[in-house]
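Notes to accompany the following structure.
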Amino acid sequence: MAIKKLISACLLPFPIAVALLVAGLVLLWFTKRQRGGRRLVTLSALLFLAGGYDLASAPMLRPLEGSFQALTPEAVQALSPAPVAVVVLGSGFRPDAKALPPNDRLSANGLARLIEGVRLVNLLPQARLIVSDGIGQGQALAETAAILGVPAARVQLEKPSLDTSDEAALLPPLVGGAPFLLVTSAGHMRRAMGLCRKQGLNAIPAPTDFVASGSGWSATDLVPRIFGFARADYALHEWIGIVWSRLRGQI
């Protein structure tokens, strides 16, 4: 698992751009291969510009985030039979930050997923809120849900899991064949739904945490910024995950 995560991390745009830059500088400073060094540095600069100006992330993200629509209150109330649970998939977590309140130990997208889960269980009084324990964040998710007003009796923790595939495999004993709302980031939903369907689960997509920009041009777009790289890394990570899951027959 650690090797898979390391390999996938190395295939993302930012580390590739850094690797090209370092390799080019080594050639320029320590060898006679000046032309090769200039080419690598130039390619690295182009990647930094593409990431900084957010040229690559939107085209990769929009097909992922456009696969499913966010659920309105009317759409939730119209579901029949009513979902038995709202399942919130895990995300980033800070296990070493025990002095912080539980909400500060969750990543930004993890907190966005939980808030959406709380919104949905408020619309479904009989539904449970199931949160993934992942690498140990389940308690922080449950405590944050309590801060947001969800009674502890309505919150259920899934067993520890390492990735989305594990989370999907652990759900059948918790929900059986009953319908449930699956909450995760919009860009992650296509892969998550594929993994759940492979398990025979009756998952209803409830995407949140949409990050692809739908707004028009603004003056700030003239300045390269790091968040373009973050979104490109996120999108490419999801596409790699989809391909990997298909190769393994998981979706």
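As shown in the structure tokens, the chain order sets the letters A, B, ...; within each chain, residues go from 1, and ligands are also counted from 1 in the order they appear.
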- Query: If you run DSSP on this backbone, which residues of stretch 64-172 of chain A come out as strand (DSSP E or B), and could you give them as number ranges by chain?
  - Reply: A: 85-88, 93, 106, 128-131, 155-157
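Residues in contact range of A:Leu111, defined as at most 10 Å between only C-alpha atoms, with sequence neighbours fewer than 5 positions away removed, read Gly90, Ser91, Gly92, Phe93, Asn103, Asp104, Arg105, Leu106, Glu116, Gly117, Leu141, Thr144, Ala145 and Asp209 of chain A.
Minimum atom-to-atom distances from A:Glu65, A:Asp233, A:Glu158, A:Asp133 to A:Leu174 were compared using only C-alpha atoms, and the lowest value belongs to A:Glu158.
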- Task: Considering only C-alpha atoms, state which residue in the set A:Ala50, A:Gly66, A:Lys198, A:Leu123 is at the smallest distance from A:Ala78.
- Result: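 Closest to A:Ala78 of all the choices is A:Leu123.
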- Using backbone DSSP assignments, extract all alpha helix (DSSP H) residues from stretch 173-209 of chain A; output them as a ChimeraX atom specification. /A:173-175,186-198
Would you save the residues from that selection as a PDB file, in the first residue's frame, using N, CA and C atoms?
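Done, and the output landed in selection_24.pdb:
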ATOM      1  N   PRO A 173     -21.858  -5.274   5.409  1.00  0.00           N
ATOM      2  CA  PRO A 173     -22.477  -5.654   6.686  1.00  0.00           C
ATOM      3  C   PRO A 173     -23.209  -4.504   7.380  1.00  0.00           C
ATOM      4  N   LEU A 174     -22.876  -3.269   7.029  1.00  0.00           N
ATOM      5  CA  LEU A 174     -23.470  -2.112   7.700  1.00  0.00           C
ATOM      6  C   LEU A 174     -24.769  -1.665   7.052  1.00  0.00           C
ATOM      7  N   VAL A 175     -24.882  -1.803   5.737  1.00  0.00           N
ATOM      8  CA  VAL A 175     -26.079  -1.302   5.034  1.00  0.00           C
ATOM      9  C   VAL A 175     -26.817  -2.381   4.258  1.00  0.00           C
ATOM     10  N   ALA A 186     -16.628  15.617  -5.016  1.00  0.00           N
ATOM     11  CA  ALA A 186     -17.195  15.410  -6.345  1.00  0.00           C
ATOM     12  C   ALA A 186     -16.199  14.752  -7.298  1.00  0.00           C
ATOM     13  N   GLY A 187     -14.940  15.150  -7.228  1.00  0.00           N
ATOM     14  CA  GLY A 187     -13.938  14.570  -8.104  1.00  0.00           C
ATOM     15  C   GLY A 187     -13.612  13.127  -7.790  1.00  0.00           C
ATOM     16  N   HIS A 188     -13.935  12.684  -6.597  1.00  0.00           N
ATOM     17  CA  HIS A 188     -13.666  11.319  -6.147  1.00  0.00           C
ATOM     18  C   HIS A 188     -14.865  10.400  -6.333  1.00  0.00           C
ATOM     19  N   MET A 189     -16.038  10.992  -6.645  1.00  0.00           N
ATOM     20  CA  MET A 189     -17.281  10.230  -6.630  1.00  0.00           C
ATOM     21  C   MET A 189     -17.335   9.144  -7.700  1.00  0.00           C
ATOM     22  N   ARG A 190     -16.817   9.392  -8.889  1.00  0.00           N
ATOM     23  CA  ARG A 190     -16.911   8.372  -9.949  1.00  0.00           C
ATOM     24  C   ARG A 190     -16.218   7.082  -9.523  1.00  0.00           C
ATOM     25  N   ARG A 191     -15.028   7.211  -8.963  1.00  0.00           N
ATOM     26  CA  ARG A 191     -14.303   6.016  -8.519  1.00  0.00           C
ATOM     27  C   ARG A 191     -15.008   5.368  -7.328  1.00  0.00           C
ATOM     28  N   ALA A 192     -15.464   6.180  -6.379  1.00  0.00           N
ATOM     29  CA  ALA A 192     -16.138   5.638  -5.197  1.00  0.00           C
ATOM     30  C   ALA A 192     -17.407   4.897  -5.574  1.00  0.00           C
ATOM     31  N   MET A 193     -18.187   5.444  -6.500  1.00  0.00           N
ATOM     32  CA  MET A 193     -19.417   4.769  -6.929  1.00  0.00           C
ATOM     33  C   MET A 193     -19.109   3.460  -7.640  1.00  0.00           C
ATOM     34  N   GLY A 194     -18.054   3.451  -8.465  1.00  0.00           N
ATOM     35  CA  GLY A 194     -17.675   2.217  -9.142  1.00  0.00           C
ATOM     36  C   GLY A 194     -17.293   1.124  -8.162  1.00  0.00           C
ATOM     37  N   LEU A 195     -16.548   1.483  -7.119  1.00  0.00           N
ATOM     38  CA  LEU A 195     -16.137   0.513  -6.106  1.00  0.00           C
ATOM     39  C   LEU A 195     -17.343  -0.005  -5.324  1.00  0.00           C
ATOM     40  N   CYS A 196     -18.293   0.881  -5.016  1.00  0.00           N
ATOM     41  CA  CYS A 196     -19.493   0.457  -4.279  1.00  0.00           C
ATOM     42  C   CYS A 196     -20.374  -0.449  -5.136  1.00  0.00           C
ATOM     43  N   ARG A 197     -20.535  -0.127  -6.399  1.00  0.00           N
ATOM     44  CA  ARG A 197     -21.357  -0.957  -7.272  1.00  0.00           C
ATOM     45  C   ARG A 197     -20.757  -2.349  -7.427  1.00  0.00           C
ATOM     46  N   LYS A 198     -19.444  -2.430  -7.469  1.00  0.00           N
ATOM     47  CA  LYS A 198     -18.779  -3.730  -7.573  1.00  0.00           C
ATOM     48  C   LYS A 198     -19.080  -4.587  -6.359  1.00  0.00           C
TER      49      LYS A 198
END
- Residue nearest A:Gln156 among A:Asn122, A:Gln69, A:Ser132, A:Thr31 (counting only C-alpha atoms):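 Closest to A:Gln156, using only C-alpha atoms: A:Ser132.
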